[in-house]
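So this one's final-v4.json, JSON, C-alpha atoms and all ligand atoms:
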```
[["chain", "number", "residue", "atom", "x", "y", "z"],
["A", 12, "MET", "CA", 41.71, 53.95, -41.51],
["A", 13, "ARG", "CA", 41.69, 57.53, -42.58],
["A", 14, "GLN", "CA", 39.26, 59.34, -44.78],
["A", 15, "HIS", "CA", 40.58, 62.23, -46.70],
["A", 16, "GLY", "CA", 39.83, 65.50, -45.03],
["A", 17, "LYS", "CA", 36.75, 64.35, -43.21],
["A", 18, "LEU", "CA", 38.02, 63.31, -39.84],
["A", 19, "GLU", "CA", 40.51, 66.04, -39.15],
["A", 20, "TYR", "CA", 40.07, 67.63, -35.76],
["A", 21, "GLY", "CA", 39.90, 71.38, -35.94],
["A", 22, "GLY", "CA", 38.52, 71.23, -39.45],
["A", 23, "LEU", "CA", 35.01, 72.16, -40.35],
["A", 24, "ALA", "CA", 33.98, 68.66, -41.27],
["A", 25, "VAL", "CA", 33.69, 67.28, -37.73],
["A", 26, "PRO", "CA", 30.26, 67.97, -36.34],
["A", 27, "GLN", "CA", 30.33, 69.07, -32.74],
["A", 28, "ARG", "CA", 27.67, 69.13, -30.09],
["A", 29, "THR", "CA", 27.40, 70.39, -26.55],
["A", 30, "CYS", "CA", 26.54, 67.96, -23.78],
["A", 31, "VAL", "CA", 23.37, 69.19, -22.10],
["A", 32, "GLY", "CA", 24.71, 67.94, -18.76],
["A", 33, "CYS", "CA", 28.24, 69.23, -18.30],
["A", 34, "ARG", "CA", 28.08, 71.71, -21.20],
["A", 35, "VAL", "CA", 31.33, 70.45, -22.69],
["A", 36, "ARG", "CA", 31.53, 70.75, -26.42],
["A", 37, "THR", "CA", 32.90, 67.70, -28.16],
["A", 38, "VAL", "CA", 32.65, 65.70, -31.34],
["A", 39, "LYS", "CA", 29.20, 64.39, -31.99],
["A", 40, "SER", "CA", 30.33, 60.78, -32.08],
["A", 41, "GLU", "CA", 31.24, 60.88, -28.40],
["A", 42, "LEU", "CA", 27.78, 61.95, -27.37],
["A", 43, "LEU", "CA", 24.54, 60.07, -27.12],
["A", 44, "ARG", "CA", 21.75, 61.61, -29.13],
["A", 45, "LEU", "CA", 18.46, 61.87, -27.28],
["A", 46, "VAL", "CA", 15.09, 62.54, -28.79],
["A", 47, "LEU", "CA", 11.72, 63.26, -27.35],
["A", 48, "VAL", "CA", 8.90, 60.79, -27.89],
["A", 49, "GLU", "CA", 5.81, 62.31, -26.33],
["A", 50, "ASP", "CA", 6.90, 62.96, -22.73],
["A", 51, "HIS", "CA", 9.71, 60.45, -22.73],
["A", 52, "ILE", "CA", 13.28, 61.11, -23.59],
["A", 53, "VAL", "CA", 14.72, 58.13, -25.38],
["A", 54, "PRO", "CA", 18.24, 57.37, -26.55],
["A", 55, "ASP", "CA", 18.50, 57.51, -30.32],
["A", 56, "LEU", "CA", 20.98, 54.69, -30.65],
["A", 57, "ARG", "CA", 21.13, 54.63, -34.42],
["A", 58, "GLY", "CA", 20.86, 58.37, -34.88],
["A", 59, "ARG", "CA", 17.84, 57.92, -37.08],
["A", 60, "LEU", "CA", 14.91, 59.17, -35.08],
["A", 61, "PRO", "CA", 13.34, 62.34, -36.39],
["A", 62, "GLY", "CA", 12.86, 65.51, -34.47],
["A", 63, "ARG", "CA", 14.78, 67.81, -32.26],
["A", 64, "GLY", "CA", 17.65, 66.09, -30.49],
["A", 65, "ALA", "CA", 19.74, 66.76, -27.44],
["A", 66, "SER", "CA", 23.24, 65.47, -26.90],
["A", 67, "LEU", "CA", 24.58, 63.93, -23.73],
["A", 68, "HIS", "CA", 27.72, 62.10, -22.73],
["A", 69, "PRO", "CA", 26.79, 58.46, -22.18],
["A", 70, "ASP", "CA", 27.36, 59.01, -18.50],
["A", 71, "LEU", "CA", 24.97, 58.96, -15.56],
["A", 72, "SER", "CA", 26.59, 61.97, -13.95],
["A", 73, "CYS", "CA", 25.89, 64.04, -17.04],
["A", 74, "LEU", "CA", 22.29, 62.84, -17.04],
["A", 75, "GLU", "CA", 21.93, 63.90, -13.43],
["A", 76, "LEU", "CA", 23.48, 67.26, -14.12],
["A", 77, "ALA", "CA", 21.11, 67.79, -17.02],
["A", 78, "GLU", "CA", 18.14, 66.91, -14.85],
["A", 79, "ARG", "CA", 19.22, 69.12, -12.02],
["A", 80, "ARG", "CA", 19.57, 72.15, -14.24],
["A", 81, "ARG", "CA", 16.42, 71.29, -16.18],
["A", 82, "ALA", "CA", 18.36, 71.25, -19.37],
["A", 83, "PHE", "CA", 16.04, 68.85, -21.15],
["A", 84, "PRO", "CA", 12.88, 70.93, -21.35],
["A", 85, "ARG", "CA", 15.04, 73.76, -22.58],
["A", 86, "ALA", "CA", 16.82, 71.61, -25.14],
["A", 87, "PHE", "CA", 13.57, 70.21, -26.48],
["A", 88, "ARG", "CA", 11.68, 73.47, -26.11],
["A", 89, "VAL", "CA", 8.83, 72.04, -24.14],
["A", 90, "PRO", "CA", 7.51, 73.08, -20.74],
["A", 91, "GLY", "CA", 8.31, 69.68, -19.18],
["A", 92, "PRO", "CA", 8.68, 67.78, -16.91],
["A", 93, "LEU", "CA", 10.14, 64.98, -18.97],
["A", 94, "ASP", "CA", 10.67, 61.34, -18.19],
["A", 95, "VAL", "CA", 14.31, 60.31, -18.40],
["A", 96, "SER", "CA", 13.88, 56.79, -17.05],
["A", 97, "ARG", "CA", 14.64, 55.18, -20.38],
["A", 98, "VAL", "CA", 17.84, 57.12, -20.80],
["A", 99, "ARG", "CA", 18.83, 56.22, -17.26],
["A", 100, "ALA", "CA", 18.10, 52.54, -17.85],
["A", 101, "HIS", "CA", 20.14, 52.63, -21.02],
["A", 102, "LEU", "CA", 23.12, 54.22, -19.30],
["A", 103, "GLU", "CA", 22.97, 51.82, -16.38],
["A", 104, "GLU", "CA", 22.94, 48.94, -18.78],
["A", 105, "GLU", "CA", 25.89, 50.39, -20.69],
["A", 106, "ASN", "CA", 27.87, 50.67, -17.49],
["A", 107, "HIS", "CA", 27.22, 47.06, -16.66],
["A", 108, "GLU", "CA", 28.20, 45.84, -20.05],
["A", 109, "MET", "CA", 31.16, 48.10, -20.51],
["A", 110, "SER", "CA", 33.65, 45.27, -20.95],
["A", 111, "CYS", "CA", 31.64, 42.61, -22.72],
["A", 112, "ARG", "CA", 28.87, 43.86, -24.89],
["A", 113, "THR", "CA", 26.40, 41.39, -26.31],
["A", 114, "PRO", "CA", 24.40, 42.42, -29.34],
["A", 115, "SER", "CA", 20.75, 41.66, -28.87],
["U", 201, "ZN", "ZN", 28.65, 65.67, -20.29]]
```

Step by step, read the file and then write its structure as structure tokens.
Amino acid sequence: MRQHGKLEYGGLAVPQRTCVGCRVRTVKSELLRLVLVEDHIVPDLRGRLPGRGASLHPDLSCLELAERRRAFPRAFRVPGPLDVSRVRAHLEEENHEMSCRTPS
């Protein structure tokens, strides 16, 4: 399926984001949006949560990179430290269910 003009790579219509872990810039749809809820970073699975977001590859190594360089407090503009356990749990679950995903 192709939508006229909207999904062309290199065009202006594709929103791009930078992964806060590896700093690679890619199309938004390949990244997991994270939002801050109090001191917890949570995955915004439907892309609907309000507030400042950060983008991350759905990959544990990117999460670890982001933590190591303290990218999250910077991305969310808070002093930190921030709890990433929910993001980690989500990514671990994703990795387990990579091949057969069951909707809950
Ligand atoms: Zn990344």

### Task
Report as a VMD selection string which protein, DNA and RNA residues come within 10 Å of ligand ZN 201 (chain U), using only C-alpha atoms and all ligand atoms.
chain A and resid 29 to 37 41 to 43 66 to 77

Counting all atoms listed in the file, what is within 8 Å of Ala65 (chain A), bar same-chain residues fewer than 5 positions away, as an mmCIF file with C-alpha atoms, in the frame of the given file?
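In the end it all went to selection_38.cif:
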```
data_model
loop_
_atom_site.group_PDB
_atom_site.id
_atom_site.type_symbol
_atom_site.label_atom_id
_atom_site.label_comp_id
_atom_site.auth_asym_id
_atom_site.auth_seq_id
_atom_site.Cartn_x
_atom_site.Cartn_y
_atom_site.Cartn_z
ATOM 1 C CA CYS A 30 26.540 67.960 -23.780
ATOM 2 C CA VAL A 31 23.370 69.190 -22.100
ATOM 3 C CA ARG A 44 21.750 61.610 -29.130
ATOM 4 C CA LEU A 45 18.460 61.870 -27.280
ATOM 5 C CA VAL A 46 15.090 62.540 -28.790
ATOM 6 C CA PHE A 83 16.040 68.850 -21.150
ATOM 7 C CA ALA A 86 16.820 71.610 -25.140
ATOM 8 C CA PHE A 87 13.570 70.210 -26.480
#
```

### Message
Taking all atoms listed in the file into account, name the residue in A:Val25, A:Val53, A:Val38, A:Val48 that is nearest to Leu102 (chain A).
### Response
A:Val53

### Task
Could you tell me how far CA of Val98 (chain A) lies from CA of Leu47 (chain A), in Å and to one decimal?
10.9 Å

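Minimum distance to Val95 (chain A) across A:Arg79, A:Leu56, A:Ser40, A:Pro26 (counting all atoms listed in the file) occurs at A:Arg79.
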
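Considering the residues A:Arg59, A:Arg28, A:His51, A:Arg99 and counting only C-alpha atoms, Pro84 (chain A) has its shortest atom-to-atom contact with A:His51.
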
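The coordinates place CA of Lys39 (chain A) at 4.9 Å from CA of Gln27 (chain A).
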
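Between CA of Asp55 (chain A) and CA of Glu105 (chain A) the separation is 14.1 Å.
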
## Note on the structure
One residue among A:Ala24, A:Ala82, A:Val89, A:Ala100 is nearest to Glu49 (chain A) when using all atoms listed in the file, and that residue is A:Val89

### Message
My list of candidates is A:His107, A:Arg81, A:His101, A:Arg88. Which is closest to Gly62 (chain A) when distances are computed with only C-alpha atoms?
### Response
A:Arg88

Would you kindly place N, CA, C and O atoms on region 37-56 of chain A and return the model as an mmCIF file, in the coordinates of the input?
```
data_model
loop_
_atom_site.group_PDB
_atom_site.id
_atom_site.type_symbol
_atom_site.label_atom_id
_atom_site.label_comp_id
_atom_site.auth_asym_id
_atom_site.auth_seq_id
_atom_site.Cartn_x
_atom_site.Cartn_y
_atom_site.Cartn_z
ATOM 1 N N THR A 37 32.027 68.753 -27.674
ATOM 2 C CA THR A 37 32.900 67.700 -28.160
ATOM 3 C C THR A 37 32.363 67.156 -29.471
ATOM 4 O O THR A 37 31.310 67.571 -29.941
ATOM 5 N N VAL A 38 33.117 66.238 -30.070
ATOM 6 C CA VAL A 38 32.650 65.700 -31.340
ATOM 7 C C VAL A 38 31.382 64.888 -31.119
ATOM 8 O O VAL A 38 31.240 64.182 -30.136
ATOM 9 N N LYS A 39 30.517 65.005 -32.060
ATOM 10 C CA LYS A 39 29.200 64.390 -31.990
ATOM 11 C C LYS A 39 29.255 62.903 -31.682
ATOM 12 O O LYS A 39 28.427 62.363 -30.966
ATOM 13 N N SER A 40 30.267 62.231 -32.230
ATOM 14 C CA SER A 40 30.330 60.780 -32.080
ATOM 15 C C SER A 40 30.572 60.335 -30.643
ATOM 16 O O SER A 40 30.358 59.188 -30.304
ATOM 17 N N GLU A 41 31.014 61.256 -29.788
ATOM 18 C CA GLU A 41 31.240 60.880 -28.400
ATOM 19 C C GLU A 41 29.998 61.076 -27.546
ATOM 20 O O GLU A 41 29.998 60.764 -26.366
ATOM 21 N N LEU A 42 28.977 61.641 -28.135
ATOM 22 C CA LEU A 42 27.780 61.950 -27.370
ATOM 23 C C LEU A 42 26.626 61.047 -27.790
ATOM 24 O O LEU A 42 26.556 60.577 -28.921
ATOM 25 N N LEU A 43 25.754 60.836 -26.849
ATOM 26 C CA LEU A 43 24.540 60.070 -27.120
ATOM 27 C C LEU A 43 23.454 61.048 -27.558
ATOM 28 O O LEU A 43 23.215 62.054 -26.901
ATOM 29 N N ARG A 44 22.831 60.749 -28.676
ATOM 30 C CA ARG A 44 21.750 61.610 -29.130
ATOM 31 C C ARG A 44 20.449 61.184 -28.461
ATOM 32 O O ARG A 44 20.116 60.003 -28.417
ATOM 33 N N LEU A 45 19.736 62.144 -27.938
ATOM 34 C CA LEU A 45 18.460 61.870 -27.280
ATOM 35 C C LEU A 45 17.352 62.567 -28.050
ATOM 36 O O LEU A 45 17.530 63.680 -28.524
ATOM 37 N N VAL A 46 16.240 61.897 -28.154
ATOM 38 C CA VAL A 46 15.090 62.540 -28.790
ATOM 39 C C VAL A 46 13.881 62.402 -27.883
ATOM 40 O O VAL A 46 13.834 61.557 -26.997
ATOM 41 N N LEU A 47 12.917 63.242 -28.150
ATOM 42 C CA LEU A 47 11.720 63.260 -27.350
ATOM 43 C C LEU A 47 10.608 62.499 -28.064
ATOM 44 O O LEU A 47 10.297 62.763 -29.222
ATOM 45 N N VAL A 48 10.042 61.511 -27.359
ATOM 46 C CA VAL A 48 8.900 60.790 -27.890
ATOM 47 C C VAL A 48 7.765 61.000 -26.890
ATOM 48 O O VAL A 48 7.789 60.449 -25.802
ATOM 49 N N GLU A 49 6.830 61.836 -27.252
ATOM 50 C CA GLU A 49 5.810 62.310 -26.330
ATOM 51 C C GLU A 49 6.495 62.921 -25.101
ATOM 52 O O GLU A 49 7.295 63.827 -25.271
ATOM 53 N N ASP A 50 6.254 62.374 -23.907
ATOM 54 C CA ASP A 50 6.900 62.960 -22.730
ATOM 55 C C ASP A 50 8.148 62.211 -22.298
ATOM 56 O O ASP A 50 8.715 62.497 -21.246
ATOM 57 N N HIS A 51 8.560 61.255 -23.109
ATOM 58 C CA HIS A 51 9.710 60.450 -22.730
ATOM 59 C C HIS A 51 10.923 60.837 -23.553
ATOM 60 O O HIS A 51 10.828 60.987 -24.760
ATOM 61 N N ILE A 52 12.030 60.927 -22.866
ATOM 62 C CA ILE A 52 13.280 61.110 -23.590
ATOM 63 C C ILE A 52 13.862 59.730 -23.827
ATOM 64 O O ILE A 52 13.971 58.931 -22.897
ATOM 65 N N VAL A 53 14.175 59.443 -25.066
ATOM 66 C CA VAL A 53 14.720 58.130 -25.380
ATOM 67 C C VAL A 53 16.065 58.281 -26.089
ATOM 68 O O VAL A 53 16.278 59.230 -26.843
ATOM 69 N N PRO A 54 16.964 57.331 -25.839
ATOM 70 C CA PRO A 54 18.240 57.370 -26.550
ATOM 71 C C PRO A 54 18.063 56.977 -28.008
ATOM 72 O O PRO A 54 17.425 55.969 -28.305
ATOM 73 N N ASP A 55 18.596 57.788 -28.882
ATOM 74 C CA ASP A 55 18.500 57.510 -30.320
ATOM 75 C C ASP A 55 19.767 56.766 -30.720
ATOM 76 O O ASP A 55 20.730 57.355 -31.174
ATOM 77 N N LEU A 56 19.747 55.463 -30.531
ATOM 78 C CA LEU A 56 20.980 54.690 -30.650
ATOM 79 C C LEU A 56 21.510 54.634 -32.069
ATOM 80 O O LEU A 56 22.703 54.514 -32.285
#
```
